[in-house]
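Have a look at the structure below before the remarks.
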Amino acid sequence: MRRFCFFIGFIVTATVPAWPLKVIADEPVGVKTNAGLGPSTFQSDIQPLLNRKCLNCHGADTRKAELNLAHGEGLRKGGESGPIIVAGEPLKSLLFQKVNSGEMPPEEKDRLSETEIRLIEQWITAGAVFADSTGEHPALQIPNQHDVIPIMLRRCTVCHGHRRQEGGLNLSSKATMLAGGKSGPAIVPGKPDESRLLLRVHAGEMPPHDRLVEASVKPMEDSETSVLTEWISAGAPEVDVQPDVATSEPDSLVTDEDRAFWAFQPPQPVSLPHVRDANRVRNEVDAFVLQKLEQAGLSFASEADRTTLIRRASFDLTGLPPKPEEVQSFVNDPDPQAYEKLIDRLLASPRYGERWGRYWLDVAGYADSEGKREQDLPRPFAWRYRDYVIRAFNTDKPYDRFILEQLAGDELTDYEHAEEITPAIADNLVATAFLRMAPDATWANITGYVPDRIEVIADEIDVLGSAVMGLTLKCARCHSHKFDPIPHRDYYRMVAVFKGAYDEYDWLKPEVKPGIGPVSQDFHTGRHLPFVATAERRAWEANEARVTEEINAARQSPEPDDRIKALEAQRQPEPLVQALWDRGEPSPTYLYRRGDPLSPSRLIGPGVPSVLTDGKTPFSVEPPWPGAKQTGRRLAFAKWIIRPEHPLTSRVMINRIWKHHFGFGLVRTLANFGKAGTPPTHPELLDWLSLEFVRQGWKLKAMHRLLMTSTTYRQSSAMTEQYAHDSSNMLYSRMPMVRLDAESLYDSLLLVSGRLDERQFGPADPVQSRPDGLVTPVGTADGWRRLIYVQQLRKKLLTHMENFDFPQMNPNCVERRDSLVAPQALHLMNNGMVLELAAHFADRVTREVGADSVKQVERVYGLALSRSPSTDEMQIGIEALNQLTHDWIKNLQDTGTADSGDAQAKALTAYCHAIMNSAGFLYVD
Amino acid sequence: MLIPPAGPVLTSMMPANRRSFFQRISGGLCGAALAQLLNQDGLLVNRIIAAEATGTGGNNLQPRTPHFEPRAASVIHLFMNGGPSQMDLFDPKPVLDKLHGQSYFDKIAGEVESPQSAGALMRSPFKFSQHGQCGMWVSDAMPHLAQQADDIALIRSMHTTNLTHEPAVYLIQTGKMGPGRPTLGSWVVYGLGSECQNLPAYVVLDDPLGLPVNGVENWHSGFLPPLFQGTRFRSTGSPVLNLRPDVDRPPEVVRTERTLLSRLDQIHQRERAGQSVLDARIASYELAARMQIAASDALNISGETQATQEMYGIGREPTDSYGRRCLIARRLVERGVRFAQLYINGQIWDNHTGIATDMKAACDRTDLPIAGLLRDLKQRGLCDNTLVVWGGEFGRLPIAQLPADKDARKAGRDHNKNAFSTWMSGAGIKAGTTFGTTDEIGLSAVEGRVSVADWHATILHLLGLHHEQLFVLDNGLKEKLTGVLEARVIEEILT
């Protein structure tokens, strides 16, 4: 019997071509045996062992991690991480590593015995001989075009590709290589010595050493040169390989059992549960919640009083406290629908979009700068996306439409050929900035290499997964997901979906302003499109024309320079849109073993996670309109995401809305509905709400109304004896008491002190850094705008935001944490701006109610805490004002400037300052 | 979404720690009034997110038992941002003397950040000699440290994964090449808590002349609670942001206002019995008040003797500024601060030009203070439980980098990710060791290669923490400082 063994190039970090199988010896090396063990053979020892222990997951039908251990061929081929056996070297063989470390099989009880592990070790040490072979050599693997194209993409096509053809040369396919450039064909099949491509590479001329950094490419590795040589020597063979996409054949990597998991099944209609205390049920939400409470022997907490309710609802919907007059009129409103009217009024407030839009900006990872590099390159037009989001919430844009625009707004209309850019078309483009929010250092050459670009793409897929899909897709970037049925392949199908816009081999860098560099402008830059609404563009053009005209006129005047300078200052920067758009002609997508672009494996086509489909429906992609250069892939994907029966889209969003009203989600892991997430505490309620959300036309305001008018929402937050039975509030036996977040706190400080400038939209208000590192906002003429309008530079966040848990967007934030640390106290006690606002607050109170202490205390409570003081609080307030006035008079006398009016004003400032620091101000019941 | 460490783990840990904690304060370290305060400290993270929430550290700053017997209780990290040149300081390369002037760029074109200014192989302008009992090679750029050669263990075989400052600094500080991860110091205080509750557990002493690359992200807690973030202490002026009021008001006014606030908060709390977060809030205001006193005290070096101050080079140039920070670092670890991290301005070690001059200037500013710190820690016995760590984010190339005028006298060196030198000293370190080698021109680490993850694992190990066991669970993934690749404790430099 002829025996042979395989050398399988095991990939660690090196650049190994995608054709690892090569015969290196006909006979096995000397068989070494371990003491007490005879020589093991594949057929008699190894295969039966694998059959027993591994085939459940790595059999011919299951092929987890794309590994089939049912026969020798599968072992030789390896899995998604590459080869699993390195003949003669058990420690370098993934198969041995996994069983030896006890990582595989995953179940403790299935682990291999010591003897079995030694068997495998010994077999690999002895050369990993497959004695079951039919005795024939497998054909020597000859590289084909798919071994060569990734090399060209990595090293050559930035200058010699389809976008840019230096020397007239395009190296992105065999045909164009043959066509060659100005100096003739790049390759001569069968004749490596005559192939210019190889000659230039061998001579060290290509890629040119002195332009490597400029083009963000690395020199060709020796292993790559040899693949290229072998391919040309073999006649540059091409094989017909179709990308791996979903077909009508059943998917072998994801089973129907995988699909049975609750979150991968569409929400199911549920009937309303029966409850005993039906008169506490105001709507369906209550029925579901009360049922669980009753099962635990509990009931709803008592209803919060109206003063509490209006403050809670106002903060929840607008992020600001109600005015004292609003509190009064609500408390005294005899209408049985008073509360419902209140909710409607709050939902109609323009402040609503600023509050709820901010939640969305968190999950999108909004920032006004690129981050990652020291220069923290600004994003001068990111604010348009912020405004788009605020407006979408205020106009109650249906959530399905909202998602469609953000994922594929550029493929909704042919904006390049539109007669007029309507506000709607411009909005569609602005919306795509959702996928441009990840931190990004690729504007600089030295941090703009392929791996750096892949980080950006990975971040965007992470944002999409965590914000919209509730899936930890990012786990499948380097290997099949460990918990969820998301094969490695599915991740790369998603990568292919984005390829028309996010192509690591044909990259658009963020624009760089002069003075930040070194960057070559030769290579592709540009994240901005000129397609703002026609009206806006015309206004800008008119202004430019006017300025130019006036400048020309000024030139005639006797002293033109100053006048011209003044006129030049009236010029406005060109209005642009930060966007993501499909550019057509995407590079092929290869699955990257272990996420490494140096280890490309097979060709992959666009698709969606198989587990969310029936597994036998092709992903159909059409050009968005006839003759479009756009691939239409993202549009197809977006339409799939917003199908009403999608198992995750409505669930994930309704869960997020729930969380912001009730403190935590029905699924507590807001961004993970998979197996490693937490199951819903109220699965029927979640499904009912998801269906209701879709039924109501994906309208958020309807959902707020539903949730907030429930008995569940109107409960008191007081701790009662029920606490012992529901300490973590899993059953919603009370409302949570919550601290104001960074925005609500900042905005409220401004509002109560009368310094809130409520102008909306437009470029962000700048921030400034004090020498000691404190970052403060630059105010407007009328005070300061809401925090959502203050510039969010990743490297220069307001100290207030840092202190009060504003997240670092890396790449986004699916749930803020809620910390309680001493720097918060220090900030509110000692920060100059807070004290300044306290002085404004005091001025305002005096202006409104005069110098009477009782009226002052009453007004301070009304404005800051939206209620009246208790008798105790009134008394403490008056005492404190007297004492503070006394303290100040004494102090002012000491410095010789005593003025009792002044002292009283300062005393009231201190009182207001204490109130702004108080728990009553910072917490909402 | 990362799940903060939550209740179950904490409560199961508390009894043992509580006991040891009370023993500690009965020694009078922090004052008995603190006991009440710390009772509530565990409540500081109030919104417990998920049932599955687990992690192996804590969610407060109480001292925690390490995984095994620690060698060190605190760390002073002397971060040399910019990338000190190994072949000019610790790693002599006689072959470079021979090959000086020969072209080499084409062999390493993919490893050079600025190809347009790449020059030929360049010998070191400094003289190397052996020092101490151990005979460690140190160049004459660092004469004072050379005298402490027997106190340090040198690693010559470090390597990293990116030759650009930002990613390389992220990696050495957080274990990954991008923003958003907890830094080494954050992981340490997450794992161990603090020995003193009047000061932050993790203190950063940055240079008044400017922040390092990546700015405040160098001490960010990433996905760990902000409690574990580094707190900047400035060596002049108000030491902590907002520690002193921006506007001075009479003390009696401040006092009256404080009393008022506390009365209002008590009423608020009384009406909301059982809301534990309100207790914690009151505690945090009290801690803030105490920090104002304790931080000022730690930074006040006027009580140190003249001799001590001179040992650090305080009171003269160019050592005064860094000397102060070194001395304050000693005062901080003396007071139980777990992790003190020192910076030097901008990119002082980033010597693209002027190896002979600018790099020497960086040495002149830091050499004496660091040697003084090592001597002082030794004299006071603090080196038995303090680990001192020195190093940057990468090394430099054996080829010259030339300024625009190509003047070789101003030659510098470009970044090198494949080799750099670092050292450690103090608790648990086999002093006098020289570990690892680079190739004959110092381009790449060859023997005993030490990855950044290995370096992290070693520091954690000295603190009694196992790098695989210190983690936070993120959707089933164990997020660790050392990431998913294997890391090795460098036993060769440990006692």
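Letters A, B, ... go to the chains of the structure tokens in the order shown; residues in each chain start at 1; ligands are counted from 1 in the same order.
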Exercise. Out of stretch 742-887 of chain A, which residues get helix (DSSP H, G or I) from DSSP, as a PyMOL selection string?
Worked result: chain A and resi 742-752+787-789+799-803+822-830+832-849+853-865+871-887
For this session: Give the strand (DSSP E) residues of stretch 642-859 of chain A, as assigned by DSSP on the backbone, as a list of chain:residue names.
Result: A:Val738, A:Arg739, A:Leu756, A:Asp757, A:Val767, A:Gln768, A:Ser769, A:Val775, A:Thr776, A:Pro777, A:Trp784, A:Arg785
Problem set entry | Separation of atom CA of A:Gly365 from atom CA of A:Leu435, in Å and rounded to one decimal | 9.4 Å
Exercise. Quick one: of B:Arg244, B:His159, B:Arg335, B:Arg330, who's nearest to chain A, counting only C-alpha atoms?
Worked result: B:Arg244
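Here atom CA of B:Leu227 stands at a distance of 10.6 Å from atom CA of A:Asn803.
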Problem set entry | Contact residues around A:Met437 with only C-alpha atoms at 8 Å, ignoring same-chain residues under 4 positions, as a list in words | Ala364, Gly365, Tyr366, Ala367, Ala433, Glu460 and Pro811 of chain A
Problem set entry | Neighbour list for stretch 97-103 of chain B as a list in words, cut-off 8 Å, only C-alpha atoms, skip fewer than 4 positions in-chain | Lys93, Gly119, Ala120, Leu121, Met122, Arg123 and Ser124 of chain B
Within 8 Å of stretch 590-598 of chain A using only C-alpha atoms, minus same-chain residues under 6 positions, as a short mmCIF file (atom, residue, chain, number, x, y, z; two decimals) with N, CA and C atoms, in the first residue's frame:
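Output contents, as saved in around16.cif:
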```
data_model
loop_
_atom_site.label_atom_id
_atom_site.label_comp_id
_atom_site.auth_asym_id
_atom_site.auth_seq_id
_atom_site.Cartn_x
_atom_site.Cartn_y
_atom_site.Cartn_z
N ALA A 14 1.60 34.33 9.52
CA ALA A 14 2.31 34.60 8.28
C ALA A 14 1.34 34.67 7.11
N THR A 15 1.87 35.11 6.02
CA THR A 15 1.05 35.17 4.83
C THR A 15 1.16 33.83 4.14
N VAL A 16 0.12 33.10 4.21
CA VAL A 16 0.13 31.78 3.60
C VAL A 16 -0.94 31.79 2.52
N GLU A 80 -12.93 26.53 9.12
CA GLU A 80 -12.91 27.97 8.84
C GLU A 80 -11.66 28.66 9.35
N SER A 81 -10.98 28.05 10.32
CA SER A 81 -9.76 28.66 10.82
C SER A 81 -8.54 28.17 10.04
N GLY A 82 -8.79 27.39 9.00
CA GLY A 82 -7.68 26.87 8.22
C GLY A 82 -7.41 25.42 8.56
N VAL A 450 -5.09 48.29 4.98
CA VAL A 450 -6.26 47.42 4.89
C VAL A 450 -6.76 46.96 6.27
N PRO A 451 -5.89 46.51 7.18
CA PRO A 451 -6.43 46.10 8.49
C PRO A 451 -7.11 47.25 9.24
N ARG A 477 -16.69 37.46 13.14
CA ARG A 477 -15.69 38.02 12.23
C ARG A 477 -14.48 37.10 12.09
N CYS A 478 -14.09 36.45 13.17
CA CYS A 478 -12.88 35.63 13.15
C CYS A 478 -13.18 34.14 13.17
N HIS A 479 -14.36 33.78 13.56
CA HIS A 479 -14.73 32.36 13.63
C HIS A 479 -16.25 32.29 13.75
N HIS A 488 -19.24 31.78 10.45
CA HIS A 488 -18.22 32.69 9.96
C HIS A 488 -18.63 33.23 8.58
N ARG A 489 -19.11 32.34 7.75
CA ARG A 489 -19.53 32.68 6.40
C ARG A 489 -20.58 33.80 6.38
N TYR A 492 -19.27 37.26 6.53
CA TYR A 492 -18.68 37.76 5.28
C TYR A 492 -19.75 37.99 4.20
N ILE A 604 -17.15 34.81 -1.29
CA ILE A 604 -18.46 34.89 -0.63
C ILE A 604 -19.29 35.97 -1.32
#
```
